[in-house]
Structure formats: structure tokens, C-alpha cells
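A.B. asks: The following block contains the structure, expressed as C-alpha cells.
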Amino acid sequence: MHLTGKQRRQLEIALLSAFPSRDALARMVAYQLDQNLAAIAGGDTLAAVVFNLVKWAHANGQIEQLISGDHAENPGNPELRTFVAQTATPSATQAPSATVNPTGPQDIYARYEAGVSELLRRMEQAHPRYGEALTYQQRLLENIAFARQFGDTETRQSDRAVIIAQLN
């Protein structure tokens with residue numbers, strides 16, 4: 001995945017919003033990228049560290065993992081959610097794919113979408129865990145959007161299985 005300079009800047013802003021301390025950022029990098037933040041992205045300020053982290057991820061083909069990892073660590077952050085939604089939207093210049101006909105037989109994700117929608121319909125808004133289910137629905141839909149746009153990976157499949165288990 002390649003990000004433009006503007007998109008890298010937006011990612012930096014989202015990371016600074018989602019991880020306001022060096023320790024929080026280091027935990028995310030350790031858990032989601034299996035890297036030591038100090039070893040891959042130094043700097044005197046948090047902003048410099050984030051800039052260097054994005055630069056490292058871009059140079060090492062880890063941008064997609066950084067985006068999905070930071071979102072997995074802090075899915076409720078509005079800046080991250082906005083960034084993920086913007087970058088996960090297929091552009092008009094991409095070749096046709098399964099997203100062209102999301103309800104077609106080749107789309108293996110349509111059942112997930114239909115199932116979570118049906119679950120929410122049956123739960124009704126008054127259910128005490130309805131808000132939690134909405135959060136899992138959002139995570140599932142973002143997982144599916146990434147899988148459609150960038151391909152499915154074992155990590156994405158595992159994340160999806162965890163989301164489904166939490167919805168059950």
C-alpha cells in the first residue's frame with residue numbers, strides 16, 4: 001500500500017490523537033507490529049517519533065499493518081476511524097474487484113455483513129449490549145473493507161474470528 005504525502009500526514013495526526021504518549025505508542029508498536037519503537041523510530045518529541053514511525057512503515061512495506069494495528073489498539077478514536085474509512089475506500093481508478101458487486105456469489109464477505117445486520121435487528125436498541133454490538137459491527141465492516149481492498153491475510157481472518165466470537 002502506498003500513501004501520498006498528504007495521507008501520511010493525516011496518519012501522523014491520527015496516531016498523535018490516538019496515542020498521546022510515547023509509552024502508549026510503544027505498546028501499540030510492540031503488540032501490533034512486533035517491533036521496538038525506540039529501535040525503529042527515534043526522535044526528541046512524540047511528533048518526531050510518529051513521523052519517523054510512519055516513514056519506517058512506508059519504507060518497509062508495513063503501512064497497512066501500521067494502519068490496521070493502530071486501529072485495532074484504539075478503534076474508538078475518531079481520527080483513526082476517519083483515516084481508516086478514507087483509505088479503505090476503493091478509488092475509482094482501481095481495477096474491478098469483488099467490491100463492484102458486493103452481493104454477488106464471488107463475495108465471501110456478504111454473509112458476515114448480512115449476519116451482523118440481522119443480529120443488530122434482532123437485538124433492538126434497548127438491549128443492554130447493543131452499543132457494544134455496534135462497535136463490533138464497525139470493526140467487522142472495517143476488517144471486511146480492508147480484506148476486499150488489500151486481500152485477506154491470516155491476521156485479518158484471525159481478527160475477524162475474534163470479532164465474530166465477541167458478537168456471539
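Convention: chains lettered A, B, ... in C-alpha cells order; per-chain residue numbering from 1; ligands numbered from 1 as shown.
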Quick one: contact table of segment 4-121 of chain A to segment 155-166 of chain A, 10 Å max, nearest atom pair and distance in Å to one decimal per residue, counting only C-alpha atoms, chain and number order, as CSV?
C.D. replies:
```
residue,atom,partner,partner_atom,distance
A:Gln65,CA,A:Thr155,CA,9.6
A:Ser68,CA,A:Arg156,CA,9.0
A:Ala72,CA,A:Asp159,CA,8.9
A:Tyr112,CA,A:Ile164,CA,8.7
A:Gly115,CA,A:Ile164,CA,9.9
A:Val116,CA,A:Ile164,CA,8.7
```
A.B. asks: Emit the selected residues as a tab-separated table (two decimals), in the first residue's frame, including N, CA, C and O atoms.
C.D. replies:
```tsv
chain	number	residue	atom	x	y	z
A	65	GLN	N	-0.08	-2.69	7.89
A	65	GLN	CA	-0.04	-3.27	9.22
A	65	GLN	C	-0.11	-2.18	10.28
A	65	GLN	O	-0.74	-2.36	11.32
A	68	SER	N	-3.85	-0.92	10.31
A	68	SER	CA	-4.77	-1.87	10.94
A	68	SER	C	-4.40	-2.09	12.40
A	68	SER	O	-5.28	-2.26	13.25
A	72	ALA	N	-6.73	-1.29	15.55
A	72	ALA	CA	-7.09	-2.41	16.44
A	72	ALA	C	-6.85	-2.04	17.91
A	72	ALA	O	-7.62	-2.42	18.79
A	112	TYR	N	-21.13	-12.28	6.26
A	112	TYR	CA	-20.76	-11.60	7.50
A	112	TYR	C	-21.60	-10.33	7.68
A	112	TYR	O	-22.14	-10.06	8.75
A	115	GLY	N	-25.21	-11.20	8.37
A	115	GLY	CA	-25.36	-11.78	9.70
A	115	GLY	C	-25.31	-10.75	10.82
A	115	GLY	O	-26.14	-10.77	11.73
A	116	VAL	N	-24.36	-9.83	10.74
A	116	VAL	CA	-24.25	-8.82	11.79
A	116	VAL	C	-25.43	-7.85	11.73
A	116	VAL	O	-25.93	-7.41	12.76
```
A.B. asks: Could you please determine the separation between atom CA of Ala41 of chain A and atom CA of Gly69 of chain A in Å, to one decimal place?
C.D. replies: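 Taking atom CA of Ala41 of chain A as the start and atom CA of Gly69 of chain A as the end point, the length is 16.3 Å.
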A.B. asks: Do you know which residues are at most 12 Å from segment 50-55 of chain A counting only C-alpha atoms, after dropping those on the same chain fewer than 2 positions away, and could you put them as a CSV table (one decimal) with N, CA, C and O atoms, in the first residue's frame?
C.D. replies:
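In the end it all went to part.csv:
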```csv
chain,number,residue,atom,x,y,z
A,2,HIS,N,0.5,2.2,-0.8
A,2,HIS,CA,1.3,3.4,-0.9
A,2,HIS,C,0.4,4.6,-0.5
A,2,HIS,O,-0.7,4.7,-0.9
A,3,LEU,N,0.9,5.4,0.4
A,3,LEU,CA,0.2,6.6,0.8
A,3,LEU,C,0.9,7.8,0.2
A,3,LEU,O,2.1,7.9,0.1
A,4,THR,N,0.1,8.8,-0.1
A,4,THR,CA,0.6,10.1,-0.6
A,4,THR,C,1.2,10.8,0.6
A,4,THR,O,0.9,10.4,1.8
A,5,GLY,N,1.9,11.9,0.3
A,5,GLY,CA,2.4,12.7,1.4
A,5,GLY,C,1.3,13.2,2.3
A,5,GLY,O,1.4,13.3,3.5
A,7,GLN,N,-1.7,11.9,2.8
A,7,GLN,CA,-2.2,10.8,3.6
A,7,GLN,C,-1.3,10.4,4.7
A,7,GLN,O,-1.8,10.1,5.8
A,8,ARG,N,0.0,10.4,4.5
A,8,ARG,CA,1.0,10.1,5.6
A,8,ARG,C,0.8,11.2,6.7
A,8,ARG,O,0.9,10.8,7.9
A,9,ARG,N,0.6,12.4,6.3
A,9,ARG,CA,0.4,13.5,7.3
A,9,ARG,C,-0.9,13.2,8.1
A,9,ARG,O,-0.9,13.4,9.3
A,10,GLN,N,-1.9,12.9,7.4
A,10,GLN,CA,-3.2,12.5,8.1
A,10,GLN,C,-3.0,11.4,9.1
A,10,GLN,O,-3.6,11.4,10.2
A,11,LEU,N,-2.2,10.4,8.6
A,11,LEU,CA,-2.0,9.2,9.5
A,11,LEU,C,-1.2,9.7,10.7
A,11,LEU,O,-1.5,9.3,11.9
A,12,GLU,N,-0.2,10.6,10.6
A,12,GLU,CA,0.5,11.1,11.7
A,12,GLU,C,-0.4,11.8,12.7
A,12,GLU,O,-0.3,11.6,13.9
A,13,ILE,N,-1.3,12.6,12.2
A,13,ILE,CA,-2.2,13.3,13.1
A,13,ILE,C,-3.1,12.4,13.8
A,13,ILE,O,-3.4,12.5,15.0
A,14,ALA,N,-3.6,11.3,13.1
A,14,ALA,CA,-4.5,10.3,13.7
A,14,ALA,C,-3.7,9.5,14.8
A,14,ALA,O,-4.2,9.3,15.9
A,15,LEU,N,-2.4,9.2,14.5
A,15,LEU,CA,-1.6,8.5,15.5
A,15,LEU,C,-1.4,9.3,16.8
A,15,LEU,O,-1.4,8.8,17.9
A,16,LEU,N,-1.1,10.6,16.6
A,16,LEU,CA,-0.9,11.5,17.7
A,16,LEU,C,-2.1,11.7,18.5
A,16,LEU,O,-2.1,11.7,19.8
A,17,SER,N,-3.3,11.6,17.9
A,17,SER,CA,-4.5,11.7,18.6
A,17,SER,C,-4.8,10.4,19.4
A,17,SER,O,-5.3,10.5,20.5
A,18,ALA,N,-4.6,9.3,18.7
A,18,ALA,CA,-4.9,8.0,19.3
A,18,ALA,C,-3.9,7.6,20.4
A,18,ALA,O,-4.3,6.9,21.3
A,19,PHE,N,-2.7,8.0,20.3
A,19,PHE,CA,-1.6,7.6,21.2
A,19,PHE,C,-0.9,8.8,21.7
A,19,PHE,O,0.2,9.2,21.2
A,20,PRO,N,-1.4,9.5,22.7
A,20,PRO,CA,-0.9,10.8,23.1
A,20,PRO,C,0.4,10.7,23.9
A,20,PRO,O,0.9,11.7,24.3
A,21,SER,N,0.9,9.5,24.2
A,21,SER,CA,2.2,9.4,24.9
A,21,SER,C,3.1,8.4,24.2
A,21,SER,O,2.6,7.5,23.4
A,22,ARG,N,4.4,8.6,24.4
A,22,ARG,CA,5.4,7.7,23.8
A,22,ARG,C,5.1,6.2,24.3
A,22,ARG,O,5.3,5.3,23.5
A,24,ALA,N,2.2,4.8,25.2
A,24,ALA,CA,1.1,4.2,24.5
A,24,ALA,C,1.4,3.8,23.1
A,24,ALA,O,1.0,2.8,22.6
A,25,LEU,N,2.2,4.7,22.4
A,25,LEU,CA,2.6,4.4,21.0
A,25,LEU,C,3.5,3.2,21.0
A,25,LEU,O,3.4,2.3,20.2
A,26,ALA,N,4.4,3.1,22.0
A,26,ALA,CA,5.4,1.9,22.0
A,26,ALA,C,4.6,0.6,22.3
A,26,ALA,O,5.0,-0.4,21.7
A,28,MET,N,1.5,0.0,21.3
A,28,MET,CA,0.8,-0.4,20.1
A,28,MET,C,1.8,-1.0,19.1
A,28,MET,O,1.6,-2.0,18.5
A,29,VAL,N,3.0,-0.4,19.0
A,29,VAL,CA,4.0,-0.9,18.0
A,29,VAL,C,4.5,-2.3,18.4
A,29,VAL,O,4.6,-3.2,17.6
A,33,LEU,N,2.9,-4.5,15.7
A,33,LEU,CA,3.9,-4.7,14.7
A,33,LEU,C,5.1,-5.6,15.1
A,33,LEU,O,6.0,-5.9,14.3
A,35,GLN,N,7.5,-4.9,17.0
A,35,GLN,CA,8.8,-4.1,16.9
A,35,GLN,C,9.0,-3.3,18.1
A,35,GLN,O,8.1,-3.0,18.9
A,36,ASN,N,10.2,-2.9,18.3
A,36,ASN,CA,10.6,-2.0,19.4
A,36,ASN,C,10.6,-0.6,18.9
A,36,ASN,O,11.4,-0.2,18.0
A,37,LEU,N,9.7,0.3,19.4
A,37,LEU,CA,9.6,1.6,18.8
A,37,LEU,C,10.9,2.4,18.9
A,37,LEU,O,11.2,3.0,17.9
A,38,ALA,N,11.6,2.3,19.9
A,38,ALA,CA,12.9,3.0,20.1
A,38,ALA,C,13.9,2.6,19.0
A,38,ALA,O,14.7,3.4,18.5
A,39,ALA,N,13.8,1.3,18.6
A,39,ALA,CA,14.8,0.8,17.6
A,39,ALA,C,14.4,1.2,16.2
A,39,ALA,O,15.3,1.3,15.3
A,40,ILE,N,13.1,1.5,15.9
A,40,ILE,CA,12.7,1.8,14.5
A,40,ILE,C,12.4,3.3,14.3
A,40,ILE,O,12.4,3.7,13.1
A,41,ALA,N,12.1,4.0,15.4
A,41,ALA,CA,11.6,5.4,15.2
A,41,ALA,C,12.0,6.2,16.4
A,41,ALA,O,11.2,6.4,17.3
A,42,GLY,N,13.2,6.8,16.3
A,42,GLY,CA,13.6,7.7,17.4
A,42,GLY,C,13.1,9.1,17.1
A,42,GLY,O,12.5,9.5,16.1
A,43,GLY,N,13.4,10.0,18.1
A,43,GLY,CA,13.1,11.4,18.0
A,43,GLY,C,13.0,12.1,19.3
A,43,GLY,O,12.7,11.4,20.3
A,44,ASP,N,13.1,13.4,19.3
A,44,ASP,CA,13.1,14.1,20.6
A,44,ASP,C,11.7,14.4,21.1
A,44,ASP,O,11.4,14.5,22.3
A,45,THR,N,10.7,14.5,20.2
A,45,THR,CA,9.4,14.7,20.5
A,45,THR,C,8.5,13.6,20.0
A,45,THR,O,8.9,12.8,19.2
A,46,LEU,N,7.3,13.5,20.6
A,46,LEU,CA,6.4,12.5,20.1
A,46,LEU,C,6.0,12.7,18.7
A,46,LEU,O,5.9,11.7,17.9
A,47,ALA,N,5.9,13.9,18.2
A,47,ALA,CA,5.6,14.2,16.8
A,47,ALA,C,6.7,13.7,15.9
A,47,ALA,O,6.5,13.1,14.8
A,48,ALA,N,8.0,13.8,16.3
A,48,ALA,CA,9.1,13.3,15.6
A,48,ALA,C,9.1,11.8,15.5
A,48,ALA,O,9.4,11.2,14.5
A,57,ALA,N,7.5,2.6,8.4
A,57,ALA,CA,6.5,1.7,8.0
A,57,ALA,C,6.4,1.8,6.4
A,57,ALA,O,6.2,0.8,5.7
A,58,HIS,N,6.4,3.0,5.9
A,58,HIS,CA,6.3,3.2,4.5
A,58,HIS,C,7.5,2.6,3.8
A,58,HIS,O,7.3,1.9,2.8
A,59,ALA,N,8.7,2.8,4.3
A,59,ALA,CA,9.9,2.3,3.6
A,59,ALA,C,10.0,0.7,3.7
A,59,ALA,O,10.6,0.1,2.9
A,60,ASN,N,9.4,0.2,4.7
A,60,ASN,CA,9.5,-1.3,5.0
A,60,ASN,C,8.2,-2.1,4.6
A,60,ASN,O,8.0,-3.2,5.0
A,61,GLY,N,7.3,-1.4,3.9
A,61,GLY,CA,6.1,-2.1,3.4
A,61,GLY,C,5.2,-2.5,4.6
A,61,GLY,O,4.5,-3.5,4.5
A,62,GLN,N,5.2,-1.7,5.6
A,62,GLN,CA,4.4,-2.0,6.8
A,62,GLN,C,3.3,-1.0,7.1
A,62,GLN,O,2.7,-1.0,8.1
A,63,ILE,N,3.0,-0.2,6.1
A,63,ILE,CA,1.9,0.8,6.3
A,63,ILE,C,0.6,0.2,6.6
A,63,ILE,O,-0.1,0.6,7.5
A,64,GLU,N,0.2,-0.8,5.8
A,64,GLU,CA,-1.1,-1.5,6.0
A,64,GLU,C,-1.2,-2.1,7.4
A,64,GLU,O,-2.2,-1.9,8.1
A,65,GLN,N,-0.1,-2.7,7.9
A,65,GLN,CA,0.0,-3.3,9.2
A,65,GLN,C,-0.1,-2.2,10.3
A,65,GLN,O,-0.7,-2.4,11.3
A,66,LEU,N,0.6,-1.1,10.0
A,66,LEU,CA,0.5,0.1,11.0
A,66,LEU,C,-0.9,0.6,11.1
A,66,LEU,O,-1.4,0.8,12.2
A,67,ILE,N,-1.6,0.8,10.0
A,67,ILE,CA,-2.9,1.3,10.0
A,67,ILE,C,-3.9,0.3,10.7
A,67,ILE,O,-4.6,0.7,11.6
A,70,ASP,N,-2.9,0.1,14.5
A,70,ASP,CA,-3.2,1.3,15.4
A,70,ASP,C,-4.7,1.3,15.6
A,70,ASP,O,-5.2,1.6,16.7
```
A.B. asks: Using only C-alpha atoms, which residues sit within 10 Å of Arg81 of chain A once same-chain residues fewer than 2 positions away are excluded, as a list in words?
C.D. replies: Ala14, His71, Asn74, Pro75, Gly76, Asn77, Pro78, Glu79, Phe83, Val84, Ala85, Gln86, Gln138, Arg139 and Glu142 of chain A
A.B. asks: Can I get the selected residues back with N, CA and C atoms, as an mmCIF file, in the first residue's frame?
C.D. replies:
```cif
data_model
loop_
_atom_site.group_PDB
_atom_site.id
_atom_site.type_symbol
_atom_site.label_atom_id
_atom_site.label_comp_id
_atom_site.auth_asym_id
_atom_site.auth_seq_id
_atom_site.Cartn_x
_atom_site.Cartn_y
_atom_site.Cartn_z
ATOM 1 N N ALA A 14 -3.602 11.328 13.100
ATOM 2 C CA ALA A 14 -4.459 10.317 13.731
ATOM 3 C C ALA A 14 -3.685 9.545 14.807
ATOM 4 N N HIS A 71 -5.459 0.976 14.550
ATOM 5 C CA HIS A 71 -6.923 0.977 14.662
ATOM 6 C C HIS A 71 -7.392 -0.144 15.589
ATOM 7 N N ASN A 74 -6.897 1.045 19.179
ATOM 8 C CA ASN A 74 -7.747 2.151 19.610
ATOM 9 C C ASN A 74 -8.873 2.378 18.599
ATOM 10 N N PRO A 75 -9.810 1.412 18.486
ATOM 11 C CA PRO A 75 -10.845 1.510 17.457
ATOM 12 C C PRO A 75 -11.842 2.647 17.672
ATOM 13 N N GLY A 76 -11.916 3.181 18.876
ATOM 14 C CA GLY A 76 -12.868 4.252 19.149
ATOM 15 C C GLY A 76 -12.366 5.640 18.824
ATOM 16 N N ASN A 77 -11.103 5.782 18.464
ATOM 17 C CA ASN A 77 -10.555 7.112 18.182
ATOM 18 C C ASN A 77 -11.132 7.654 16.883
ATOM 19 N N PRO A 78 -11.777 8.819 16.931
ATOM 20 C CA PRO A 78 -12.445 9.335 15.727
ATOM 21 C C PRO A 78 -11.487 9.654 14.577
ATOM 22 N N GLU A 79 -10.297 10.156 14.879
ATOM 23 C CA GLU A 79 -9.347 10.475 13.808
ATOM 24 C C GLU A 79 -8.885 9.201 13.106
ATOM 25 N N PHE A 83 -9.604 8.176 9.231
ATOM 26 C CA PHE A 83 -8.491 7.837 8.350
ATOM 27 C C PHE A 83 -8.689 6.461 7.725
ATOM 28 N N VAL A 84 -9.067 5.472 8.548
ATOM 29 C CA VAL A 84 -9.284 4.115 8.037
ATOM 30 C C VAL A 84 -10.396 4.117 6.995
ATOM 31 N N ALA A 85 -11.470 4.815 7.271
ATOM 32 C CA ALA A 85 -12.582 4.863 6.320
ATOM 33 C C ALA A 85 -12.144 5.500 5.000
ATOM 34 N N GLN A 86 -11.333 6.541 5.070
ATOM 35 C CA GLN A 86 -10.880 7.221 3.855
ATOM 36 C C GLN A 86 -9.917 6.365 3.050
ATOM 37 N N GLN A 138 -18.858 -2.252 13.498
ATOM 38 C CA GLN A 138 -17.949 -1.321 12.835
ATOM 39 C C GLN A 138 -16.583 -1.957 12.603
ATOM 40 N N ARG A 139 -16.072 -2.655 13.615
ATOM 41 C CA ARG A 139 -14.777 -3.336 13.465
ATOM 42 C C ARG A 139 -14.839 -4.391 12.364
ATOM 43 N N GLU A 142 -14.972 -2.722 8.901
ATOM 44 C CA GLU A 142 -13.656 -2.195 8.524
ATOM 45 C C GLU A 142 -12.706 -3.326 8.150
#
```
A.B. asks: Run DSSP on the backbone and give me the residues of chain A it puts in helix (DSSP H, G or I), as JSON, numbers by chain.
C.D. replies: {"A": [5, 6, 7, 8, 9, 10, 11, 12, 13, 14, 15, 16, 17, 18, 22, 23, 24, 25, 26, 27, 28, 29, 30, 31, 32, 33, 37, 38, 39, 40, 46, 47, 48, 49, 50, 51, 52, 53, 54, 55, 56, 57, 58, 59, 63, 64, 65, 66, 67, 68, 69, 70, 71, 72, 73, 78, 79, 80, 81, 82, 83, 84, 85, 86, 87, 98, 99, 100, 110, 111, 112, 113, 114, 115, 116, 117, 118, 119, 120, 121, 122, 123, 130, 131, 132, 133, 134, 135, 136, 137, 138, 139, 140, 141, 142, 143, 144, 145, 146, 147, 148, 149, 150, 154, 155, 156, 157, 158, 159, 160, 161, 162, 163, 164, 165, 166, 167]}
A.B. asks: Would you please work out which residue, of A:Leu167, A:Phe146, A:Gly151, A:Ala114, is nearest to Tyr130 of chain A when using only C-alpha atoms?
C.D. replies: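 Checking each of A:Leu167, A:Phe146, A:Gly151, A:Ala114 against Tyr130 of chain A, counting only C-alpha atoms, the winner is A:Leu167.
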A.B. asks: In Å to one decimal, how far is atom CA of Leu141 of chain A from atom CA of His127 of chain A?
C.D. replies: 21.1 Å
A.B. asks: Which residue out of A:Leu134, A:Ile144, A:Ala30, A:Ile108 has the minimum interatomic distance to Leu120 of chain A when only C-alpha atoms are used?
C.D. replies: A:Leu134
